[in-house]
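Working notes, beginning with the structure itself.
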Amino acid sequence: MTDTYDTLLIERHEEGYAVVTLNRPEALNALNSALFADLAAFLDVVEHDDSVRCLILTGSGDKAFAAGADIKEMADQSYAQMYKANFFSHGHDRITRFRKPIIAAVNGFALGGGCELAMLCDFIVASDRAKFGQPEINLGVAPGIGGSQRLTRLVGKSKAMDMVLTARMMDAAEAERSGLASRVVPHETLMEEVRKIAAKIAGHSPLAVMANKEMVEAALETTLTQGVQFERRLFHSLFAFDDQKEGMAAFVEKRKPVFTGR
Ligand code: DAK
């Protein structure tokens with residue numbers, strides 16, 4: 001497998017996860033069309049690859065996860081070009097369809113499209129130097145990759161309004177307090193910590209991981225009653241898998257389970 005992309009670095013680990021590094025450090029990993037196309041292509045490659053059960057997404061360099069959509073690429077676009085290309089929709093939709101967990105390891109600025117990309121991941125682990133923001137209003141525009149919707153669901157209306165209308169950045173501590181980041185860790189140990197988390201997830205039953213992800217996602221899309229019903233049915237269905245038998249037998253026999261993903 002070549003895993004060679006112009007805008008991404010890919011590192012596969014035998015524990016069952018891969019690290020995807022946004023690799024445009026000269027532009028603080030600004031997201032351009034090529035990068036979104038590469039990311040979508042990589043997700044296509046690993047979607048059905050059983051050796052990759054969890055992804056980590058991070059930024060190259062010491063300063064940024066991603067400083068936003070590439071302003072230089074966007075600046076001269078016409079409405080017709082944006083509309084026809086359906087700018088960024090393919091990348092967005094491909095990530096939302098991906099069925100394995102993606103952890104955002106936010107190592108610095110996550111601004112505009114960068115913050116939106118982090119929120120498209122399943123959860124965010126932030127370095128204590130991370131800064132989150134939706135500063136598009138400074139450019140005379142607005143979030144365009146789901147930021148107005150996901151940020152509001154994660155941190156509530158008041159903070160989301162504050163951030164989009166003033167363009168202020170949130171530091172890592174506030175992001176954790178507000179529910180945007182799940183954990184904050186020292187900058188120097190960010191990748192070590194996130195690798196441990198990814199290895200832990202990759203060690204679970206891949207079917208159970210998928211089902212857990214699907215259930216939590218449903219919470220944002222359905223009513224409580226429908227969500228609970230969906231959870232219950234999915235829970236019942238897990239009893240069709242060998243992994244459920246193995247997980248429960250291992251508990252009873254006081255040994256580590258060996259999951260086969262069947
Ligand atoms: N795009 C392109 N280049 C960028 C960039 C960006 N978003 N952010 C930084 N760079 C480049 C800088 O131009 C600079 O390049 P050179 O001048 O060296 O060639 C290099 O990265 C280093 O940046 P700075 O010199 O500015 O570094 P500083 O440490 O001084 O400042 C900063 C760091 C992150 C505070 C600053 O770079 C900054 O404010 N960057 C822009 C942040 C921003 O405004 N982000 C939001 C972008 S707009 C849509 C969907 C989505 C979107 C739009 C439409 N549709 C569906 C239609 C999303 C829009 C956005 O994300």
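Identifiers in this document derive from the order of the structure tokens: chains are assigned A, B, ..., residues are numbered from 1 separately in each chain, and ligands are numbered from 1 in order of occurrence.
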Any residue with an atom at most 6 Å from ligand 1 counts, using only C-alpha atoms and all ligand atoms. Which are they? Put them as an mmCIF file with N, CA and C atoms, in the first residue's frame.
```cif
data_model
loop_
_atom_site.group_PDB
_atom_site.id
_atom_site.type_symbol
_atom_site.label_atom_id
_atom_site.label_comp_id
_atom_site.auth_asym_id
_atom_site.auth_seq_id
_atom_site.Cartn_x
_atom_site.Cartn_y
_atom_site.Cartn_z
ATOM 1 N N GLU A 26 3.543 25.152 5.482
ATOM 2 C CA GLU A 26 3.861 26.518 5.033
ATOM 3 C C GLU A 26 2.627 27.408 5.048
ATOM 4 N N ALA A 27 1.431 26.816 5.020
ATOM 5 C CA ALA A 27 0.181 27.591 5.058
ATOM 6 C C ALA A 27 -0.607 27.248 6.325
ATOM 7 N N LEU A 28 0.102 26.852 7.371
ATOM 8 C CA LEU A 28 -0.545 26.438 8.627
ATOM 9 C C LEU A 28 -1.656 25.407 8.356
ATOM 10 N N ALA A 30 -3.667 25.030 5.954
ATOM 11 C CA ALA A 30 -4.937 25.529 5.406
ATOM 12 C C ALA A 30 -5.515 24.480 4.462
ATOM 13 N N ALA A 67 -5.413 26.220 9.946
ATOM 14 C CA ALA A 67 -5.800 27.624 10.159
ATOM 15 C C ALA A 67 -6.969 28.027 9.278
ATOM 16 N N GLY A 68 -7.744 27.044 8.825
ATOM 17 C CA GLY A 68 -8.949 27.390 8.067
ATOM 18 C C GLY A 68 -8.913 26.906 6.654
ATOM 19 N N ALA A 69 -9.989 27.200 5.945
ATOM 20 C CA ALA A 69 -9.984 26.941 4.510
ATOM 21 C C ALA A 69 -8.922 27.851 3.909
ATOM 22 N N ASP A 70 -8.376 27.425 2.762
ATOM 23 C CA ASP A 70 -7.288 28.196 2.144
ATOM 24 C C ASP A 70 -7.838 29.482 1.538
ATOM 25 N N ILE A 71 -7.552 30.584 2.215
ATOM 26 C CA ILE A 71 -8.115 31.876 1.800
ATOM 27 C C ILE A 71 -7.586 32.267 0.417
ATOM 28 N N LYS A 72 -6.325 31.889 0.157
ATOM 29 C CA LYS A 72 -5.728 32.265 -1.142
ATOM 30 C C LYS A 72 -6.420 31.520 -2.287
ATOM 31 N N PHE A 87 -18.460 23.503 -3.367
ATOM 32 C CA PHE A 87 -17.221 23.661 -2.616
ATOM 33 C C PHE A 87 -17.238 22.941 -1.265
ATOM 34 N N PHE A 88 -16.313 22.063 -1.059
ATOM 35 C CA PHE A 88 -16.081 21.324 0.186
ATOM 36 C C PHE A 88 -17.167 20.312 0.565
ATOM 37 N N PHE A 109 -3.594 26.043 16.255
ATOM 38 C CA PHE A 109 -4.782 26.732 15.748
ATOM 39 C C PHE A 109 -5.738 25.762 15.043
ATOM 40 N N LEU A 111 -8.926 26.894 13.247
ATOM 41 C CA LEU A 111 -9.733 28.091 12.951
ATOM 42 C C LEU A 111 -10.588 27.868 11.711
ATOM 43 N N GLY A 112 -11.757 28.453 11.700
ATOM 44 C CA GLY A 112 -12.622 28.363 10.524
ATOM 45 C C GLY A 112 -12.836 26.923 10.111
ATOM 46 N N GLY A 113 -12.481 26.620 8.854
ATOM 47 C CA GLY A 113 -12.617 25.246 8.361
ATOM 48 C C GLY A 113 -11.820 24.256 9.198
ATOM 49 N N PRO A 135 -13.412 32.476 12.772
ATOM 50 C CA PRO A 135 -13.185 33.904 12.518
ATOM 51 C C PRO A 135 -13.583 34.371 11.113
ATOM 52 N N GLU A 136 -14.431 33.601 10.428
ATOM 53 C CA GLU A 136 -14.751 33.923 9.027
ATOM 54 C C GLU A 136 -15.350 35.315 8.882
ATOM 55 N N PRO A 143 -19.030 30.637 8.614
ATOM 56 C CA PRO A 143 -18.665 29.211 8.539
ATOM 57 C C PRO A 143 -19.378 28.545 7.361
ATOM 58 N N GLY A 144 -18.721 27.549 6.744
ATOM 59 C CA GLY A 144 -19.325 26.921 5.562
ATOM 60 C C GLY A 144 -19.187 25.415 5.530
ATOM 61 N N ILE A 145 -18.555 24.851 6.572
ATOM 62 C CA ILE A 145 -18.418 23.379 6.596
ATOM 63 C C ILE A 145 -19.095 22.857 7.874
#
```
Q | Surrounding residues of A:Leu57 excluding itself and chain neighbours under 2 positions, 12 Å, only C-alpha atoms, as JSON, numbers by chain | A | {"A": [8, 9, 10, 11, 17, 18, 19, 20, 21, 22, 23, 39, 42, 43, 54, 55, 59, 60, 65, 66, 95, 101, 102, 103, 104, 105, 106, 107, 114, 117, 118, 119, 120, 121, 122, 123, 124, 125, 126, 190, 191, 194, 195, 198]}
Q: Run DSSP on the backbone and grab whatever in stretch 47-220 of chain A lands in strand (DSSP E or B); send it over as number ranges by chain.
A: A: 54-59, 64-66, 69, 102-106, 109-111, 123-127, 131-133, 170-171, 183-185
Stretch 98-163 of chain A near stretch 169-185 of chain A within 7 Å: what's each residue's closest atom pair and its distance in Å to one decimal, counting only C-alpha atoms, ordered by chain then ascending residue number, as a Markdown table?
```
| residue | atom | partner | partner_atom | distance |
| --- | --- | --- | --- | --- |
| A:Phe123 | CA | A:Ser182 | CA | 6.4 |
| A:Ile124 | CA | A:Ala181 | CA | 4.7 |
| A:Val125 | CA | A:Arg183 | CA | 5.0 |
| A:Ala126 | CA | A:Val184 | CA | 4.7 |
| A:Ser127 | CA | A:Val185 | CA | 5.1 |
| A:Asp128 | CA | A:Ala172 | CA | 5.5 |
| A:Arg129 | CA | A:Ala172 | CA | 6.6 |
| A:Ala130 | CA | A:Ala172 | CA | 5.3 |
| A:Lys131 | CA | A:Asp171 | CA | 4.7 |
| A:Phe132 | CA | A:Met170 | CA | 5.0 |
| A:Gly133 | CA | A:Met169 | CA | 4.5 |
| A:Leu154 | CA | A:Leu180 | CA | 5.7 |
| A:Val155 | CA | A:Ser178 | CA | 5.3 |
| A:Met163 | CA | A:Met169 | CA | 7.0 |
```
Q | Who sits within 12 Å of stretch 221-223 of chain A, only C-alpha atoms, same chain under 6 positions skipped, as a PyMOL selection string | A | chain A and resi 149-150+153+214-215+229-231
Any chance you could export the current selection's C-alpha atoms as a short mmCIF file (atom, residue, chain, number, x, y, z; two decimals), in the first residue's frame?
```cif
data_model
loop_
_atom_site.label_atom_id
_atom_site.label_comp_id
_atom_site.auth_asym_id
_atom_site.auth_seq_id
_atom_site.Cartn_x
_atom_site.Cartn_y
_atom_site.Cartn_z
CA GLN A 149 -24.46 24.04 13.44
CA ARG A 150 -21.89 21.78 15.13
CA ARG A 153 -24.68 21.89 19.40
CA GLU A 214 -23.57 5.14 15.26
CA MET A 215 -25.68 5.41 18.42
CA GLN A 229 -35.41 3.01 20.28
CA PHE A 230 -32.53 3.03 17.76
CA GLU A 231 -30.05 2.31 20.58
#
```
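Of the residues listed (A:Met161, A:Asp49, A:Phe36, A:Arg99), A:Arg99 shows the shortest atom-to-atom separation from A:Asn212; distances use only C-alpha atoms.
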Q. What's the 8 Å shell around A:Asp38, counting only C-alpha atoms, without same-chain residues fewer than 5 positions away, as a PyMOL selection string?
A. chain A and resi 5-8
Q) Could you pull out the helix (DSSP H, G or I) residues of stretch 24-239 of chain A from DSSP and send them as a PyMOL selection string? A) chain A and resi 25-27+33-47+71-74+79-85+89-97+113-120+135-139+147-155+157-166+172-178+187-202+206-219+224-239
Q: Between atom CA of A:Glu116 and atom CA of A:Thr225, measure the distance and give it in Å to one decimal.
A: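 Taking atom CA of A:Glu116 as the start and atom CA of A:Thr225 as the end point, the length is 28.6 Å.
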